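A short worksheet on the structure shown next.
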Amino acid sequence: MQTAIVYYSKHHGNTKKLVDAIAQQWDVTLIDAASNPNPDLSAYDLIGFASGIYFGRFHKSVLKAAENLPEGKKVFIMCTCGANKPRTTSIERILRSKQVRLLGTYSCRGLDTFGPFKLVGGLAKGHPNENDIAGAVKFFAGILSELS
């Protein structure tokens with residue numbers, strides 16, 4: 001099964017830690033949405049979209065990649081955020097319009113030093129930690145198991 005994860009991870013590399021852990025264990029193509037904002041995803045059977053949460057939304061480069069997704073694909077979502085409750089509605093709205101099969105969502109906390117949070121050393125210090133990363137790997141393994 002050809003698998004790709006389209007991701008954006010800049011400030012602290014929170015999301016990159018998750019996708020790298022998955023790519024270390026499985027043959028997964030990682031596509032950095034910042035350097036490839038319009039990837040051709042037609043050859044992939046399973047596609048993940050991963051991002052930090054910026055002002056309550058997935059990063060705009062990942063949203064743009066999702067808008068160009070061929071219809072009917074198998075998809076999963078991953079995100080990191082400083083707050084306890086991530087907002088994934090921005091990407092879910094796009095994916096629903098593409099009539100995809102959404103296999104699941106994984107989220108965990110990630111260091112957030114935006115604006116005033118920087119003054120106190122940030123929110124969610126130390127995240128994603130080993131447990132968060134292991135959770136992402138377990139989430140992905142579960143998706144693969146469901147598809148086999």
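Within each chain, counting starts at residue 1; across the structure tokens, chains are named A, B, ... in the order shown, with ligands numbered 1 upward in that order.
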Chain A: residues DSSP assigns to alpha helix (DSSP H), reported as a PyMOL selection string: chain A and resi 14-25+60-67+89-97+130-147
Write the residues of the selection above to a file with N, CA and C atoms, as a compact mmCIF listing (two decimals), in the first residue's frame.
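Saved the output as out-v7.txt:
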```txt
# COMPACT_ATOMS: atom_id res chain seq x y z
N ASN A 14 7.28 19.98 16.27
CA ASN A 14 6.38 19.07 16.98
C ASN A 14 5.79 18.00 16.07
N THR A 15 5.19 18.42 14.99
CA THR A 15 4.53 17.49 14.08
C THR A 15 5.54 16.61 13.37
N LYS A 16 6.68 17.15 13.04
CA LYS A 16 7.74 16.39 12.36
C LYS A 16 8.19 15.20 13.22
N LYS A 17 8.22 15.38 14.52
CA LYS A 17 8.60 14.28 15.40
C LYS A 17 7.65 13.10 15.24
N LEU A 18 6.37 13.38 15.08
CA LEU A 18 5.38 12.31 14.92
C LEU A 18 5.54 11.60 13.58
N VAL A 19 5.61 12.38 12.51
CA VAL A 19 5.69 11.75 11.18
C VAL A 19 7.02 11.04 10.97
N ASP A 20 8.09 11.57 11.55
CA ASP A 20 9.40 10.89 11.45
C ASP A 20 9.37 9.53 12.15
N ALA A 21 8.72 9.46 13.30
CA ALA A 21 8.63 8.19 14.03
C ALA A 21 7.88 7.14 13.21
N ILE A 22 6.84 7.57 12.51
CA ILE A 22 6.09 6.66 11.65
C ILE A 22 6.95 6.22 10.46
N ALA A 23 7.62 7.17 9.84
CA ALA A 23 8.45 6.86 8.67
C ALA A 23 9.65 5.98 9.01
N GLN A 24 10.07 5.98 10.26
CA GLN A 24 11.18 5.11 10.66
C GLN A 24 10.75 3.64 10.71
N GLN A 25 9.46 3.39 10.88
CA GLN A 25 8.98 2.01 11.02
C GLN A 25 8.29 1.46 9.78
N LYS A 60 -2.07 26.53 6.47
CA LYS A 60 -2.66 26.78 5.15
C LYS A 60 -2.04 25.93 4.05
N SER A 61 -0.76 25.57 4.16
CA SER A 61 -0.14 24.75 3.11
C SER A 61 -0.71 23.33 3.11
N VAL A 62 -1.03 22.80 4.27
CA VAL A 62 -1.63 21.47 4.35
C VAL A 62 -3.08 21.53 3.86
N LEU A 63 -3.78 22.59 4.20
CA LEU A 63 -5.15 22.75 3.72
C LEU A 63 -5.18 22.84 2.19
N LYS A 64 -4.21 23.54 1.62
CA LYS A 64 -4.15 23.65 0.16
C LYS A 64 -3.89 22.28 -0.48
N ALA A 65 -3.00 21.50 0.11
CA ALA A 65 -2.73 20.16 -0.41
C ALA A 65 -4.00 19.30 -0.32
N ALA A 66 -4.75 19.44 0.76
CA ALA A 66 -5.99 18.68 0.91
C ALA A 66 -7.01 19.08 -0.15
N GLU A 67 -7.04 20.35 -0.50
CA GLU A 67 -7.98 20.81 -1.53
C GLU A 67 -7.70 20.17 -2.89
N THR A 89 -11.62 20.99 12.36
CA THR A 89 -12.74 21.24 11.45
C THR A 89 -12.29 21.83 10.12
N SER A 90 -11.20 22.61 10.11
CA SER A 90 -10.75 23.23 8.86
C SER A 90 -10.41 22.17 7.82
N ILE A 91 -9.71 21.14 8.22
CA ILE A 91 -9.35 20.11 7.25
C ILE A 91 -10.48 19.10 7.05
N GLU A 92 -11.24 18.83 8.10
CA GLU A 92 -12.35 17.89 7.96
C GLU A 92 -13.37 18.39 6.94
N ARG A 93 -13.61 19.69 6.92
CA ARG A 93 -14.55 20.28 5.96
C ARG A 93 -14.08 20.00 4.52
N ILE A 94 -12.80 20.19 4.28
CA ILE A 94 -12.25 19.95 2.94
C ILE A 94 -12.35 18.47 2.60
N LEU A 95 -11.99 17.62 3.54
CA LEU A 95 -11.99 16.18 3.27
C LEU A 95 -13.40 15.65 3.01
N ARG A 96 -14.39 16.16 3.73
CA ARG A 96 -15.78 15.74 3.46
C ARG A 96 -16.18 16.08 2.03
N SER A 97 -15.73 17.23 1.55
CA SER A 97 -16.08 17.62 0.18
C SER A 97 -15.42 16.72 -0.86
N GLU A 130 7.78 11.22 24.63
CA GLU A 130 7.89 9.84 24.14
C GLU A 130 6.54 9.14 24.08
N ASN A 131 5.69 9.40 25.06
CA ASN A 131 4.35 8.78 25.06
C ASN A 131 3.50 9.30 23.91
N ASP A 132 3.59 10.60 23.63
CA ASP A 132 2.84 11.19 22.52
C ASP A 132 3.29 10.59 21.19
N ILE A 133 4.60 10.46 21.03
CA ILE A 133 5.16 9.91 19.79
C ILE A 133 4.77 8.43 19.65
N ALA A 134 4.87 7.68 20.74
CA ALA A 134 4.46 6.27 20.72
C ALA A 134 2.98 6.15 20.39
N GLY A 135 2.18 7.10 20.87
CA GLY A 135 0.74 7.10 20.57
C GLY A 135 0.49 7.30 19.08
N ALA A 136 1.27 8.16 18.44
CA ALA A 136 1.13 8.38 17.00
C ALA A 136 1.48 7.11 16.23
N VAL A 137 2.54 6.44 16.64
CA VAL A 137 2.95 5.20 15.98
C VAL A 137 1.87 4.12 16.16
N LYS A 138 1.33 4.02 17.36
CA LYS A 138 0.27 3.04 17.63
C LYS A 138 -0.99 3.37 16.81
N PHE A 139 -1.32 4.65 16.71
CA PHE A 139 -2.47 5.08 15.90
C PHE A 139 -2.29 4.64 14.45
N PHE A 140 -1.10 4.88 13.90
CA PHE A 140 -0.84 4.50 12.51
C PHE A 140 -0.87 2.99 12.33
N ALA A 141 -0.29 2.27 13.26
CA ALA A 141 -0.32 0.80 13.20
C ALA A 141 -1.76 0.30 13.20
N GLY A 142 -2.63 0.94 13.97
CA GLY A 142 -4.03 0.55 14.02
C GLY A 142 -4.72 0.77 12.67
N ILE A 143 -4.38 1.86 12.02
CA ILE A 143 -4.96 2.12 10.70
C ILE A 143 -4.53 1.04 9.71
N LEU A 144 -3.24 0.71 9.71
CA LEU A 144 -2.75 -0.33 8.81
C LEU A 144 -3.42 -1.67 9.11
N SER A 145 -3.59 -1.97 10.38
CA SER A 145 -4.23 -3.22 10.76
C SER A 145 -5.68 -3.27 10.29
N GLU A 146 -6.37 -2.14 10.40
CA GLU A 146 -7.76 -2.06 9.95
C GLU A 146 -7.89 -2.27 8.45
N LEU A 147 -6.87 -1.83 7.70
CA LEU A 147 -6.92 -1.94 6.25
C LEU A 147 -6.46 -3.29 5.71
```
Strand (DSSP E or B) residues, from DSSP on the backbone, in chain A, as an MDAnalysis selection string: chainID A and resid 3:8 29:32 46:54 57:58 74:81 101:109 112 123
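Put simply, atom CA of A:Gly13 is 13.1 Å away from atom CA of A:Ala34.
With distances restricted to only C-alpha atoms, A:Tyr8 is the closest residue to A:Ala33 from A:Lys74, A:Val100, A:Gly56, A:Tyr8.
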Between atom CA of A:Phe58 and atom CA of A:Ser107, distance in Å (one decimal): 11.9 Å
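You will find atom CA of A:Gly48 at 4.7 Å from atom CA of A:Phe76.
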